[in-house]
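Colleague: Sharing a structure with you now.
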Amino acid sequence: MKIVGISGSIVGSKTRTAMDYTLSAAREKYADADIVLLDLAEYDLVFSDGRNYQEYEGDTKFVTETIMNADAIIIGTPTFQASIPATLKNIFDLLPINALRDKVVSILVMAGTAKHYLMAELQLKPILVYMKAHIVPAYVFIEKKDFNRKEIVNDDVLFRIGRLVEDTVMLVDAFANVRQLKEAEYDF
């Protein structure tokens with residue numbers, strides 16, 4: 001199983017910190033999984049211009065192909081102006097409409113306060129549904145107060161991160177079984 005974590009910001013440290021905790025939990029529990037972090041701050045990505053993702057070069061080609069080859073994607077995003085950052089939106093624009101078909105996608109959201117709790121529901125999930133993702137229903141919302149010096153200090157958040165990882169892997173397995181049963185019906 002290939003799990004790709006996306007740290008969806010090029011500024012700040014909270015999203016990267018949350019993704020490090022999340023992927024560490026995944027590596028600990030699922031040692032046989034191929035787990036990769038795409039921290040968008042570490043790549044030189046071009047803006048989408050409508051080309052097929054395979055026509056891009058360099059970092060843009062690497063990032064889009066890594067996402068396309070994933071079984072599961074864990075997206076970490078800060079909340080900027082009550083929405084996702086342009087850096088993350090650009091990733092979605094670089095990919096084809098059906099890029100997330102048969103992929104399980106889970107979400108971690110960072111925000112300054114609880115008033116942005118529904119950002120994932122109103123901004124991110126509609127994009128993921130449009131791109132045909134199987135979305136893990138419960139996401140992890142982390143507020144500024146849950147961090148201290150690049151560490152998560154809220155045990156409940158850590159518990160929910162562990163649960164998100166488990167739910168992500170269980171959904172990948174469940175959908176793989178469903179696809180197998182459906183393919184068996186065709187009897188080719």
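Chain labels follow the order of the structure tokens: the first chain is A, the next B, and so on; residue numbering restarts at 1 in every chain, and ligands are counted from 1 in their shown order.
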For region 112-125 of chain A, list every protein, DNA or RNA residue within 9 Å, evaluated using only C-alpha atoms, and leave out those in the same chain fewer than 4 positions away; present the list as a list of chain:residue names.

Modeller: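 Skipping anything fewer than 4 positions along the chain leaves A:Pro78, A:Thr79, A:Ala82, A:Ser83, A:Ile84, A:Ile107, A:Leu108, A:Val129, A:Tyr130, A:Ile135, A:Tyr139, A:Phe141, A:Ile142, A:Glu143, A:Lys144, A:Lys145.
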
Colleague: Go ahead and save the residues from that selection, with N, CA and C atoms, as a CSV table (one decimal), in the first residue's frame.

Modeller:
chain,number,residue,atom,x,y,z
A,78,PRO,N,-3.4,24.2,6.2
A,78,PRO,CA,-3.7,25.3,7.1
A,78,PRO,C,-5.0,25.9,6.5
A,79,THR,N,-5.6,26.8,7.3
A,79,THR,CA,-6.7,27.5,6.8
A,79,THR,C,-6.3,29.0,6.6
A,82,ALA,N,-10.2,31.5,5.4
A,82,ALA,CA,-11.4,30.6,5.5
A,82,ALA,C,-11.4,29.6,4.4
A,83,SER,N,-10.3,29.3,3.8
A,83,SER,CA,-10.2,28.3,2.7
A,83,SER,C,-8.8,27.6,2.7
A,84,ILE,N,-8.6,26.8,1.7
A,84,ILE,CA,-7.3,26.1,1.6
A,84,ILE,C,-6.3,27.1,0.9
A,107,ILE,N,-8.1,13.9,5.9
A,107,ILE,CA,-7.8,15.3,6.0
A,107,ILE,C,-7.4,15.7,7.4
A,108,LEU,N,-6.4,16.5,7.5
A,108,LEU,CA,-6.0,17.2,8.8
A,108,LEU,C,-6.1,18.7,8.5
A,129,VAL,N,-14.6,15.4,-3.7
A,129,VAL,CA,-15.7,14.6,-4.2
A,129,VAL,C,-15.7,14.8,-5.7
A,130,TYR,N,-15.5,16.0,-6.2
A,130,TYR,CA,-15.5,16.3,-7.7
A,130,TYR,C,-14.4,15.4,-8.4
A,135,ILE,N,-13.6,9.6,0.6
A,135,ILE,CA,-13.1,10.5,1.7
A,135,ILE,C,-13.4,9.8,3.0
A,139,TYR,N,-12.5,14.0,9.9
A,139,TYR,CA,-11.1,14.6,9.8
A,139,TYR,C,-10.6,15.1,11.1
A,141,PHE,N,-9.2,18.2,13.1
A,141,PHE,CA,-9.1,19.6,13.2
A,141,PHE,C,-8.2,20.0,14.3
A,142,ILE,N,-7.2,20.8,14.1
A,142,ILE,CA,-6.2,21.2,15.1
A,142,ILE,C,-6.1,22.7,15.2
A,143,GLU,N,-6.3,23.2,16.4
A,143,GLU,CA,-6.2,24.6,16.6
A,143,GLU,C,-4.8,25.1,17.0
A,144,LYS,N,-4.6,26.3,16.9
A,144,LYS,CA,-3.3,26.9,17.2
A,144,LYS,C,-2.9,26.5,18.7
A,145,LYS,N,-3.9,26.5,19.6
A,145,LYS,CA,-3.7,26.3,21.0
A,145,LYS,C,-3.2,24.8,21.2

Colleague: I want to know what sits within 7 Å of Asp34 (chain A), based on only C-alpha atoms, with residues of the same chain fewer than 4 positions away left out; could you give that as a list of chain:residue names?

Modeller: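 Final neighbour list, sorted by chain and number: A:Met1, A:Lys2, A:Ile3.
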
Colleague: Which parts of region 9-150 of chain A does DSSP call strand (DSSP E or B) when run on the backbone here, written out as JSON, numbers by chain?

Modeller: {"A": [34, 35, 36, 37, 38, 39, 72, 73, 74, 75, 76, 77, 78, 80, 83, 104, 105, 106, 107, 108, 109, 110, 111, 134, 135, 140, 141, 142, 143, 147]}

Colleague: In terms of the shortest atom-to-atom distance over only C-alpha atoms, which of A:Ala70, A:Leu95, A:Val109, A:Val63 is closest to Thr15 (chain A)?

Modeller: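 Among the listed residues, A:Val109 lies closest to Thr15 (chain A).
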
Colleague: Which of these residues is nearest to Val172 (chain A), using only C-alpha atoms: A:Ala41, A:Ala111, A:Ala25, A:Ala133?

Modeller: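 Using only C-alpha atoms, Val172 (chain A) sits closest to A:Ala133.
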
Colleague: Report, in Å to a single decimal, how far apart CA of Arg163 (chain A) and CA of His134 (chain A) are.

Modeller: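 Pair CA of His134 (chain A) / CA of Arg163 (chain A) returns 16.8 Å.
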
Colleague: Can you pull out the residues contacting Ile6 (chain A)? Cut-off 8 Å, using only C-alpha atoms, and skip same-chain residues under 6 positions away; I want them as a list in words.

Modeller: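 Surrounding residues, per the criterion: Met19, Leu37, Leu38, Asp39, Leu40, Ile73, Ile74, Ile75 and Gly76 of chain A.
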
Colleague: Please write the residues from the selection above to a file, keeping all heavy atoms, as a PDB file, in the first residue's frame.

Modeller:
ATOM      1  N   MET A  19       1.689  16.740   9.982  1.00  0.00           N
ATOM      2  CA  MET A  19       1.938  15.668   9.021  1.00  0.00           C
ATOM      3  C   MET A  19       3.052  14.743   9.501  1.00  0.00           C
ATOM      4  O   MET A  19       2.978  13.534   9.306  1.00  0.00           O
ATOM      5  CB  MET A  19       2.271  16.245   7.643  1.00  0.00           C
ATOM      6  CG  MET A  19       1.090  16.927   6.968  1.00  0.00           C
ATOM      7  SD  MET A  19      -0.392  15.887   6.833  1.00  0.00           S
ATOM      8  CE  MET A  19       0.227  14.554   5.823  1.00  0.00           C
ATOM      9  N   LEU A  37       6.127  11.621   2.206  1.00  0.00           N
ATOM     10  CA  LEU A  37       5.617  12.957   2.499  1.00  0.00           C
ATOM     11  C   LEU A  37       5.975  13.884   1.352  1.00  0.00           C
ATOM     12  O   LEU A  37       7.145  13.971   0.956  1.00  0.00           O
ATOM     13  CB  LEU A  37       6.207  13.510   3.796  1.00  0.00           C
ATOM     14  CG  LEU A  37       5.850  14.978   4.093  1.00  0.00           C
ATOM     15  CD1 LEU A  37       4.344  15.155   4.300  1.00  0.00           C
ATOM     16  CD2 LEU A  37       6.622  15.489   5.284  1.00  0.00           C
ATOM     17  N   LEU A  38       4.978  14.572   0.825  1.00  0.00           N
ATOM     18  CA  LEU A  38       5.194  15.649  -0.131  1.00  0.00           C
ATOM     19  C   LEU A  38       4.946  16.955   0.606  1.00  0.00           C
ATOM     20  O   LEU A  38       3.798  17.362   0.787  1.00  0.00           O
ATOM     21  CB  LEU A  38       4.237  15.520  -1.321  1.00  0.00           C
ATOM     22  CG  LEU A  38       4.371  14.287  -2.202  1.00  0.00           C
ATOM     23  CD1 LEU A  38       3.253  14.264  -3.249  1.00  0.00           C
ATOM     24  CD2 LEU A  38       5.736  14.234  -2.873  1.00  0.00           C
ATOM     25  N   ASP A  39       6.006  17.579   1.073  1.00  0.00           N
ATOM     26  CA  ASP A  39       5.892  18.884   1.722  1.00  0.00           C
ATOM     27  C   ASP A  39       6.022  19.919   0.607  1.00  0.00           C
ATOM     28  O   ASP A  39       7.112  20.097   0.040  1.00  0.00           O
ATOM     29  CB  ASP A  39       6.988  19.057   2.768  1.00  0.00           C
ATOM     30  CG  ASP A  39       6.880  20.373   3.527  1.00  0.00           C
ATOM     31  OD1 ASP A  39       6.136  21.280   3.073  1.00  0.00           O
ATOM     32  OD2 ASP A  39       7.542  20.495   4.569  1.00  0.00           O
ATOM     33  N   LEU A  40       4.933  20.580   0.273  1.00  0.00           N
ATOM     34  CA  LEU A  40       4.931  21.481  -0.878  1.00  0.00           C
ATOM     35  C   LEU A  40       5.942  22.614  -0.746  1.00  0.00           C
ATOM     36  O   LEU A  40       6.338  23.199  -1.756  1.00  0.00           O
ATOM     37  CB  LEU A  40       3.517  22.023  -1.113  1.00  0.00           C
ATOM     38  CG  LEU A  40       2.455  20.960  -1.408  1.00  0.00           C
ATOM     39  CD1 LEU A  40       1.121  21.607  -1.744  1.00  0.00           C
ATOM     40  CD2 LEU A  40       2.898  20.000  -2.500  1.00  0.00           C
ATOM     41  N   ILE A  73      -4.173   9.047   0.326  1.00  0.00           N
ATOM     42  CA  ILE A  73      -3.569  10.370   0.438  1.00  0.00           C
ATOM     43  C   ILE A  73      -4.070  10.994   1.735  1.00  0.00           C
ATOM     44  O   ILE A  73      -5.277  10.999   1.998  1.00  0.00           O
ATOM     45  CB  ILE A  73      -3.959  11.259  -0.764  1.00  0.00           C
ATOM     46  CG1 ILE A  73      -3.499  10.605  -2.078  1.00  0.00           C
ATOM     47  CG2 ILE A  73      -3.373  12.660  -0.609  1.00  0.00           C
ATOM     48  CD1 ILE A  73      -4.095  11.214  -3.307  1.00  0.00           C
ATOM     49  N   ILE A  74      -3.137  11.477   2.518  1.00  0.00           N
ATOM     50  CA  ILE A  74      -3.484  12.204   3.742  1.00  0.00           C
ATOM     51  C   ILE A  74      -3.099  13.655   3.505  1.00  0.00           C
ATOM     52  O   ILE A  74      -1.921  13.975   3.341  1.00  0.00           O
ATOM     53  CB  ILE A  74      -2.762  11.628   4.970  1.00  0.00           C
ATOM     54  CG1 ILE A  74      -3.097  10.141   5.141  1.00  0.00           C
ATOM     55  CG2 ILE A  74      -3.131  12.430   6.223  1.00  0.00           C
ATOM     56  CD1 ILE A  74      -2.303   9.438   6.240  1.00  0.00           C
ATOM     57  N   ILE A  75      -4.106  14.513   3.456  1.00  0.00           N
ATOM     58  CA  ILE A  75      -3.874  15.925   3.162  1.00  0.00           C
ATOM     59  C   ILE A  75      -3.851  16.713   4.458  1.00  0.00           C
ATOM     60  O   ILE A  75      -4.813  16.676   5.237  1.00  0.00           O
ATOM     61  CB  ILE A  75      -4.971  16.485   2.236  1.00  0.00           C
ATOM     62  CG1 ILE A  75      -4.946  15.766   0.895  1.00  0.00           C
ATOM     63  CG2 ILE A  75      -4.806  17.995   2.060  1.00  0.00           C
ATOM     64  CD1 ILE A  75      -6.086  16.138  -0.033  1.00  0.00           C
ATOM     65  N   GLY A  76      -2.779  17.452   4.665  1.00  0.00           N
ATOM     66  CA  GLY A  76      -2.689  18.397   5.766  1.00  0.00           C
ATOM     67  C   GLY A  76      -2.739  19.798   5.193  1.00  0.00           C
ATOM     68  O   GLY A  76      -2.010  20.107   4.239  1.00  0.00           O
TER      69      GLY A  76
END

Colleague: Write out as a PyMOL selection string each polymer residue whose atoms come within 7 Å of Tyr53 (chain A), counting only C-alpha atoms; drop sequence neighbours fewer than 3 positions from it.

Modeller: chain A and resi 56+61+64+94-95

Colleague: Next, write the just-selected residues to a file, as a PDB file, in the first residue's frame, keeping N, CA, C and O atoms as the atom set.

Modeller:
ATOM      1  N   TYR A  56       4.268  17.851 -17.581  1.00  0.00           N
ATOM      2  CA  TYR A  56       5.092  18.743 -16.777  1.00  0.00           C
ATOM      3  C   TYR A  56       6.441  18.090 -16.529  1.00  0.00           C
ATOM      4  O   TYR A  56       6.616  16.883 -16.712  1.00  0.00           O
ATOM      5  N   LYS A  61       6.197  17.364 -12.126  1.00  0.00           N
ATOM      6  CA  LYS A  61       5.954  16.005 -12.627  1.00  0.00           C
ATOM      7  C   LYS A  61       6.099  14.991 -11.491  1.00  0.00           C
ATOM      8  O   LYS A  61       5.254  14.099 -11.339  1.00  0.00           O
ATOM      9  N   THR A  64       3.003  15.318  -8.975  1.00  0.00           N
ATOM     10  CA  THR A  64       1.729  14.841  -9.530  1.00  0.00           C
ATOM     11  C   THR A  64       1.751  13.334  -9.765  1.00  0.00           C
ATOM     12  O   THR A  64       0.771  12.653  -9.484  1.00  0.00           O
ATOM     13  N   LEU A  94      -3.507  20.833 -11.142  1.00  0.00           N
ATOM     14  CA  LEU A  94      -2.519  20.124 -11.970  1.00  0.00           C
ATOM     15  C   LEU A  94      -2.966  18.708 -12.336  1.00  0.00           C
ATOM     16  O   LEU A  94      -2.479  18.138 -13.312  1.00  0.00           O
ATOM     17  N   LEU A  95      -3.874  18.159 -11.556  1.00  0.00           N
ATOM     18  CA  LEU A  95      -4.295  16.762 -11.735  1.00  0.00           C
ATOM     19  C   LEU A  95      -5.541  16.662 -12.619  1.00  0.00           C
ATOM     20  O   LEU A  95      -6.345  17.598 -12.682  1.00  0.00           O
TER      21      LEU A  95
END

Colleague: Need the shell around Arg101 (chain A): protein/DNA/RNA residues with any atom at most 9 Å away, counting only C-alpha atoms. Skip same-chain ones fewer than 3 positions apart. Format as a PyMOL selection string?

Modeller: chain A and resi 97-98+104+131-134

Colleague: Looking only at alpha helix (DSSP H) from DSSP on the backbone, list the matching residues of region 144-185 of chain A as a PyMOL selection string.

Modeller: chain A and resi 155-185

Colleague: Using only C-alpha atoms, can you tell me which of A:Leu45, A:Asp32, A:Arg16, A:Ala26 comes closest to Val165 (chain A)?

Modeller: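 Of A:Leu45, A:Asp32, A:Arg16, A:Ala26, the one nearest Val165 (chain A) is A:Ala26, counting only C-alpha atoms.
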